[in-house]
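First the structure, in the form of structure tokens, and then the observations on it.
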Amino acid sequence: MTATHTTPAAGARAPLTLIGVGALAMAVVETLNPEYDLVSETLSRYVHGTAGWLVPAALLAVAAASAVLVARLGGRTRRAGRAVLAVWTAGILVAAVFPADPPGSWSRPSLSELVHGNAAFLAFAALPAAAVLLRRTLTARRPALRTALNVLTVVSVTATLALAVFLVDVMDGGPSLGLGGAPTLVGLAERLVLAVDFGWVALALTVTGARPERERDRRA
């Protein structure tokens, strides 16, 4: 029996590259706009800053990679899990098409902001739900990644709940849940959610892009 490798199959590399491009674009736009407060300002607002086009470009890249994941899960996967993951994908896509308002526009949102915000919130809520529903399917395919999948699932759920609290606080006349000089931590919470969600999609793509471990063992 030969040793098995955990490197992604060739089919997994293209969508994984899209996730990497999306994460890199977010990091670049953050670096190019130091005047924005990363703790209290959401990344969506950066669309109005330097190289703001990188924000929708990043979201489109992640949406495309997520669509590949939905397709790969196939008919053997629980329908609820695939459906919720499709909601995440559609939400990210809509959020990319409809830009957020400039910073400081929480009280009087435009139509584009309302569409963007609701689509993003729906996507943020859908991803941890998909992670929970698909956990058994993914861990059964790659038991070696069980711990990583479980950790990302728990962190995604927790971070999303925290983000929801900060968003409600800001939109309800806040912000009041701040720390030190930051009036709110909504930006920091959003960045954590994005990082964890991007990571979960990348890990799920790695799992679905390779043959199941048992099948590899039989062929070895």
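Each chain of the structure tokens is named A, B, ... in the order shown, its residues numbered from 1; ligands are numbered from 1 in display order.
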
message = Excluding A:Ala71 and its own-chain neighbours fewer than 5 positions away, which residues fall within 10 Å of it when counting only C-alpha atoms? Please give them as a PyMOL selection string.
response = chain A and resi 66+82+86

task = Using only C-alpha atoms, find the one residue out of A:Val21, A:Val68, A:Leu133, A:Leu43 that sits nearest to A:Asp101.
result =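 Of all the options, A:Leu43 lies closest to A:Asp101.
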
inquiry  = Ranking A:Ala65, A:Val29, A:Val94, A:Val207 by minimum distance to A:Ala140 and counting only C-alpha atoms, which one comes first?
reply    =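 Among the listed residues, the smallest separation from A:Ala140 belongs to A:Val207.
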
Determine, counting only C-alpha atoms, which protein, DNA and RNA residues have an atom within 6 Å of an atom of stretch 186-201 of chain A; residues of the same chain fewer than 2 positions away are not included. Present the result as a PDB file with C-alpha atoms, in the first residue's frame.
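The resulting file, selection28.pdb, is shown below:
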ATOM      1  CA  LEU A  38     -10.694  48.516  10.075  1.00  0.00           C
ATOM      2  CA  VAL A  39     -12.174  48.032  13.556  1.00  0.00           C
ATOM      3  CA  SER A  40     -15.375  50.017  13.104  1.00  0.00           C
ATOM      4  CA  GLU A  41     -15.837  50.268   9.315  1.00  0.00           C
ATOM      5  CA  THR A  42     -17.051  47.375   7.176  1.00  0.00           C
ATOM      6  CA  SER A 156     -18.172  30.692  11.912  1.00  0.00           C
ATOM      7  CA  ALA A 159     -18.432  35.092  14.792  1.00  0.00           C
ATOM      8  CA  LEU A 163     -21.504  40.345  13.844  1.00  0.00           C
ATOM      9  CA  PHE A 166     -22.960  44.698  16.266  1.00  0.00           C
ATOM     10  CA  THR A 184     -18.156  49.858  17.408  1.00  0.00           C
ATOM     11  CA  LEU A 203     -11.456  23.624   2.966  1.00  0.00           C
ATOM     12  CA  ALA A 204     -14.730  22.261   1.581  1.00  0.00           C
TER      13      ALA A 204
END

message = So that I can check the surroundings of A:Ala14, please list as a PyMOL selection string every protein, DNA and RNA residue that reaches within 12 Å of it, counting only C-alpha atoms and ignoring chain neighbours fewer than 3 positions away.
response = chain A and resi 8-11+17-21+61-62+64-66+68-69+202+205-206+209

Atoms to include: C-alpha atoms. Write the selected residues as a PDB file, in the first residue's frame.
ATOM      1  CA  PRO A   8      -5.853  19.076  -3.613  1.00  0.00           C
ATOM      2  CA  ALA A   9      -6.730  17.373  -6.880  1.00  0.00           C
ATOM      3  CA  ALA A  10      -6.203  19.313 -10.067  1.00  0.00           C
ATOM      4  CA  GLY A  11      -9.905  20.105 -10.241  1.00  0.00           C
ATOM      5  CA  THR A  17      -7.247  30.102  -6.629  1.00  0.00           C
ATOM      6  CA  LEU A  18     -10.430  32.172  -6.801  1.00  0.00           C
ATOM      7  CA  ILE A  19     -10.686  32.106  -3.008  1.00  0.00           C
ATOM      8  CA  GLY A  20      -7.057  33.207  -2.784  1.00  0.00           C
ATOM      9  CA  VAL A  21      -7.658  36.017  -5.282  1.00  0.00           C
ATOM     10  CA  ALA A  61     -14.379  35.516  -7.188  1.00  0.00           C
ATOM     11  CA  VAL A  62     -15.621  33.960  -3.957  1.00  0.00           C
ATOM     12  CA  ALA A  64     -17.760  31.753  -8.387  1.00  0.00           C
ATOM     13  CA  ALA A  65     -15.731  29.402  -6.179  1.00  0.00           C
ATOM     14  CA  SER A  66     -18.782  28.795  -3.982  1.00  0.00           C
ATOM     15  CA  VAL A  68     -18.304  25.328  -7.983  1.00  0.00           C
ATOM     16  CA  LEU A  69     -18.609  23.877  -4.487  1.00  0.00           C
ATOM     17  CA  ALA A 202     -11.572  26.646   0.666  1.00  0.00           C
ATOM     18  CA  LEU A 205     -13.373  22.679  -1.945  1.00  0.00           C
ATOM     19  CA  THR A 206     -10.275  20.737  -0.932  1.00  0.00           C
ATOM     20  CA  GLY A 209     -11.856  18.087  -5.076  1.00  0.00           C
TER      21      GLY A 209
END

task = Mind checking which residues fall within 8 Å of A:Leu122, counting only C-alpha atoms, ignoring those fewer than 4 positions away in the same chain, and posting them as number ranges by chain?
result = A: 87-88, 91, 118, 126

Atoms kept (N, CA and C atoms) for selection, written as an mmCIF file, in the first residue's frame:
data_model
loop_
_atom_site.group_PDB
_atom_site.id
_atom_site.type_symbol
_atom_site.label_atom_id
_atom_site.label_comp_id
_atom_site.auth_asym_id
_atom_site.auth_seq_id
_atom_site.Cartn_x
_atom_site.Cartn_y
_atom_site.Cartn_z
ATOM 1 N N VAL A 87 -27.703 29.733 -1.137
ATOM 2 C CA VAL A 87 -28.130 31.043 -0.644
ATOM 3 C C VAL A 87 -26.912 31.918 -0.349
ATOM 4 N N TRP A 88 -25.902 31.331 0.285
ATOM 5 C CA TRP A 88 -24.638 32.048 0.530
ATOM 6 C C TRP A 88 -24.055 32.554 -0.782
ATOM 7 N N GLY A 91 -26.171 35.337 -2.257
ATOM 8 C CA GLY A 91 -26.045 36.544 -1.448
ATOM 9 C C GLY A 91 -24.757 37.289 -1.713
ATOM 10 N N ASN A 118 -28.819 43.575 2.928
ATOM 11 C CA ASN A 118 -29.670 42.413 3.167
ATOM 12 C C ASN A 118 -29.098 41.153 2.524
ATOM 13 N N ALA A 126 -26.257 32.272 6.111
ATOM 14 C CA ALA A 126 -26.376 30.995 5.416
ATOM 15 C C ALA A 126 -25.116 30.138 5.528
#

ask   = Hey, what's within 9 Å of A:Thr208 if we count only C-alpha atoms and toss same-chain stuff fewer than 4 positions away? As a count of residues only, please?
value = 10

query = What's the 8 Å shell around A:Val55, counting only C-alpha atoms, without same-chain residues fewer than 2 positions away, as a ChimeraX atom specification?
reply = /A:25-26,29,43-44,46-47,52-53,57-59,96

How would the residues just picked look written out with all heavy atoms as an mmCIF file, in the first residue's frame?
data_model
loop_
_atom_site.group_PDB
_atom_site.id
_atom_site.type_symbol
_atom_site.label_atom_id
_atom_site.label_comp_id
_atom_site.auth_asym_id
_atom_site.auth_seq_id
_atom_site.Cartn_x
_atom_site.Cartn_y
_atom_site.Cartn_z
ATOM 1 N N ALA A 25 -7.401 40.355 -2.761
ATOM 2 C CA ALA A 25 -8.005 41.625 -3.159
ATOM 3 C C ALA A 25 -8.501 42.396 -1.938
ATOM 4 O O ALA A 25 -8.339 43.621 -1.855
ATOM 5 C CB ALA A 25 -9.161 41.363 -4.128
ATOM 6 N N MET A 26 -9.099 41.682 -0.995
ATOM 7 C CA MET A 26 -9.563 42.332 0.235
ATOM 8 C C MET A 26 -8.389 42.918 1.023
ATOM 9 O O MET A 26 -8.466 44.035 1.552
ATOM 10 C CB MET A 26 -10.318 41.325 1.104
ATOM 11 C CG MET A 26 -11.669 40.892 0.557
ATOM 12 S SD MET A 26 -12.876 42.245 0.567
ATOM 13 C CE MET A 26 -14.388 41.326 0.260
ATOM 14 N N VAL A 29 -7.031 46.135 -0.877
ATOM 15 C CA VAL A 29 -7.884 47.321 -0.741
ATOM 16 C C VAL A 29 -7.812 47.863 0.683
ATOM 17 O O VAL A 29 -7.921 49.078 0.907
ATOM 18 C CB VAL A 29 -9.333 47.005 -1.164
ATOM 19 C CG1 VAL A 29 -10.073 46.229 -0.089
ATOM 20 C CG2 VAL A 29 -10.098 48.285 -1.492
ATOM 21 N N LEU A 43 -15.810 46.360 5.374
ATOM 22 C CA LEU A 43 -15.044 46.341 4.135
ATOM 23 C C LEU A 43 -15.870 46.768 2.924
ATOM 24 O O LEU A 43 -15.329 47.260 1.940
ATOM 25 C CB LEU A 43 -14.489 44.932 3.891
ATOM 26 C CG LEU A 43 -13.088 44.645 4.431
ATOM 27 C CD1 LEU A 43 -12.795 43.163 4.375
ATOM 28 C CD2 LEU A 43 -12.043 45.427 3.653
ATOM 29 N N SER A 44 -17.167 46.583 2.996
ATOM 30 C CA SER A 44 -18.028 46.951 1.872
ATOM 31 C C SER A 44 -17.916 48.426 1.533
ATOM 32 O O SER A 44 -18.063 48.825 0.370
ATOM 33 C CB SER A 44 -19.487 46.611 2.202
ATOM 34 O OG SER A 44 -19.637 45.233 2.434
ATOM 35 N N TYR A 46 -15.348 50.191 1.456
ATOM 36 C CA TYR A 46 -14.113 50.493 0.746
ATOM 37 C C TYR A 46 -14.308 50.605 -0.759
ATOM 38 O O TYR A 46 -13.407 51.024 -1.479
ATOM 39 C CB TYR A 46 -13.067 49.414 1.037
ATOM 40 C CG TYR A 46 -12.431 49.488 2.403
ATOM 41 C CD1 TYR A 46 -13.214 49.628 3.554
ATOM 42 C CD2 TYR A 46 -11.060 49.398 2.564
ATOM 43 C CE1 TYR A 46 -12.636 49.685 4.804
ATOM 44 C CE2 TYR A 46 -10.468 49.448 3.818
ATOM 45 C CZ TYR A 46 -11.266 49.590 4.933
ATOM 46 O OH TYR A 46 -10.699 49.655 6.179
ATOM 47 N N VAL A 47 -15.495 50.224 -1.228
ATOM 48 C CA VAL A 47 -15.778 50.339 -2.657
ATOM 49 C C VAL A 47 -15.701 51.783 -3.120
ATOM 50 O O VAL A 47 -15.511 52.071 -4.302
ATOM 51 C CB VAL A 47 -17.174 49.747 -2.968
ATOM 52 C CG1 VAL A 47 -18.278 50.626 -2.412
ATOM 53 C CG2 VAL A 47 -17.352 49.526 -4.465
ATOM 54 N N GLY A 52 -11.361 50.795 -5.226
ATOM 55 C CA GLY A 52 -12.587 50.239 -4.666
ATOM 56 C C GLY A 52 -13.179 49.100 -5.475
ATOM 57 O O GLY A 52 -13.932 48.275 -4.947
ATOM 58 N N TRP A 53 -12.833 49.020 -6.756
ATOM 59 C CA TRP A 53 -13.339 47.943 -7.604
ATOM 60 C C TRP A 53 -12.883 46.572 -7.140
ATOM 61 O O TRP A 53 -13.473 45.538 -7.506
ATOM 62 C CB TRP A 53 -12.888 48.162 -9.048
ATOM 63 C CG TRP A 53 -11.398 48.185 -9.225
ATOM 64 C CD1 TRP A 53 -10.574 49.274 -9.140
ATOM 65 C CD2 TRP A 53 -10.547 47.055 -9.480
ATOM 66 N NE1 TRP A 53 -9.263 48.902 -9.333
ATOM 67 C CE2 TRP A 53 -9.218 47.554 -9.553
ATOM 68 C CE3 TRP A 53 -10.779 45.697 -9.677
ATOM 69 C CZ2 TRP A 53 -8.130 46.714 -9.793
ATOM 70 C CZ3 TRP A 53 -9.695 44.854 -9.912
ATOM 71 C CH2 TRP A 53 -8.390 45.374 -9.977
ATOM 72 N N ALA A 57 -14.867 42.750 -7.059
ATOM 73 C CA ALA A 57 -14.087 41.709 -7.730
ATOM 74 C C ALA A 57 -13.818 40.534 -6.788
ATOM 75 O O ALA A 57 -13.919 39.365 -7.181
ATOM 76 C CB ALA A 57 -12.772 42.282 -8.246
ATOM 77 N N ALA A 58 -13.494 40.844 -5.540
ATOM 78 C CA ALA A 58 -13.240 39.800 -4.549
ATOM 79 C C ALA A 58 -14.497 38.984 -4.277
ATOM 80 O O ALA A 58 -14.455 37.752 -4.206
ATOM 81 C CB ALA A 58 -12.730 40.431 -3.253
ATOM 82 N N LEU A 59 -15.621 39.675 -4.139
ATOM 83 C CA LEU A 59 -16.876 38.980 -3.865
ATOM 84 C C LEU A 59 -17.297 38.100 -5.037
ATOM 85 O O LEU A 59 -17.794 36.986 -4.850
ATOM 86 C CB LEU A 59 -17.977 40.001 -3.543
ATOM 87 C CG LEU A 59 -17.775 40.815 -2.264
ATOM 88 C CD1 LEU A 59 -18.895 41.837 -2.095
ATOM 89 C CD2 LEU A 59 -17.711 39.898 -1.044
ATOM 90 N N ALA A 96 -22.032 41.815 -4.411
ATOM 91 C CA ALA A 96 -20.989 42.316 -5.302
ATOM 92 C C ALA A 96 -21.558 43.269 -6.343
ATOM 93 O O ALA A 96 -20.917 44.256 -6.713
ATOM 94 C CB ALA A 96 -20.289 41.146 -6.001
#

key: Using only C-alpha atoms: which of A:Ala123, A:Leu111, A:Leu60, A:Leu85 has the shortest distance to A:Val97   = A:Leu60

task = Rank nothing, just name the residue among A:Val28, A:Gly117, A:Thr137, A:Arg45 nearest to A:Arg79, using only C-alpha atoms.
result =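 Answer, going by the shortest atom-to-atom distance: A:Thr137.
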
Residue nearest A:Arg136 among A:Phe98, A:Ala67, A:Thr153, A:Ala51 (counting only C-alpha atoms) =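 The closest residue to A:Arg136 is A:Thr153.
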